[in-house]
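Worksheet: one structure, shown below.
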Amino acid sequence: MADTGAVKSEDTPFEGGPMDGRVLPVLVGPTGNPPKTYRIPVPDAAGGPPTVLVYRRVPRGHSKRLGLPRGWKYEFDPEGRSGGRLRWPWSKPENRAGGKPDATDG
């Protein structure tokens, strides 16, 4: 592995999908945790737009006494739903199918 200098990385296992069983060095943030989502662009052989593989961070295990995460791993997310945006308490909820229709009282 190449020397990354002052940048810290953590060897993180991947489960499911095309990256199953691989362990890659993933850069960690200021809190010492890897990012919640890891996106891997895979180029198309025909020259089209690349396919993006999405992996979600999940705890590798928990400590017995306090229940704290012992490490992290990435699990494949075949749907690739976007969950990376910040959700503030004052933000409007996302529009979902099957929600209540707006009241049209006059």
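Scheme for the structure tokens: letters A, B, ... for chains in order shown; per-chain residue numbers from 1; ligand numbers from 1 in order shown.
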Can you list, as a list in words, every protein, DNA or RNA residue that comes within 12 Å of A:His62 when you count only C-alpha atoms, leaving out same-chain residues fewer than 6 positions away?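 The residues that qualify are Leu68, Pro69, Arg70, Gly71 and Trp72 of chain A.
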For the residues in that selection, give me C-alpha atoms as a compact mmCIF listing (two decimals), in the first residue's frame.
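Result file selection_2.txt:
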# COMPACT_ATOMS: atom_id res chain seq x y z
CA LEU A 68 -20.35 0.49 20.90
CA PRO A 69 -19.40 -0.40 17.31
CA ARG A 70 -16.12 -2.33 17.11
CA GLY A 71 -15.44 -1.42 13.53
CA TRP A 72 -17.17 -0.85 10.23
Polymer residues at most 6 Å from A:Pro25, only C-alpha atoms, same-chain spacing of 3 or more positions, as a JSON list (two decimals) with C-alpha atoms, in the first residue's frame:
[["chain", "number", "residue", "atom", "x", "y", "z"],
["A", 9, "SER", "CA", -7.15, 5.25, 6.26],
["A", 10, "GLU", "CA", -8.71, 2.08, 7.60],
["A", 11, "ASP", "CA", -8.82, -1.33, 5.92]]
Can you list, as a PyMOL selection string, every protein, DNA or RNA residue that comes within 7 Å of stretch 53-59 of chain A when you count only C-alpha atoms, leaving out same-chain residues fewer than 3 positions away? chain A and resi 36-41+69+71-77+80
Filtered DSSP result for stretch 4-97 of chain A, state strand (DSSP E), as an MDAnalysis selection string: chainID A and resid 9:15 23:27 37:42 51:62 69:76
Interatomic distance (Å, one decimal) between atom CA of A:Val7 and atom CA of A:Val28: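 Separation between atom CA of A:Val7 and atom CA of A:Val28: 8.2 Å.
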For atom CA of A:Thr12 and atom CA of A:Leu24, quote the distance in Å rounded to one decimal. 5.5 Å
Neighbours of A:Val42 within 10 Å (only C-alpha atoms; same-chain residues fewer than 4 positions away dropped), as an MDAnalysis selection string? chainID A and resid 49:53
What is the distance, in Å and to one decimal place, between atom CA of A:Gly17 and atom CA of A:Gly61?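 These atoms are spaced 20.6 Å apart.
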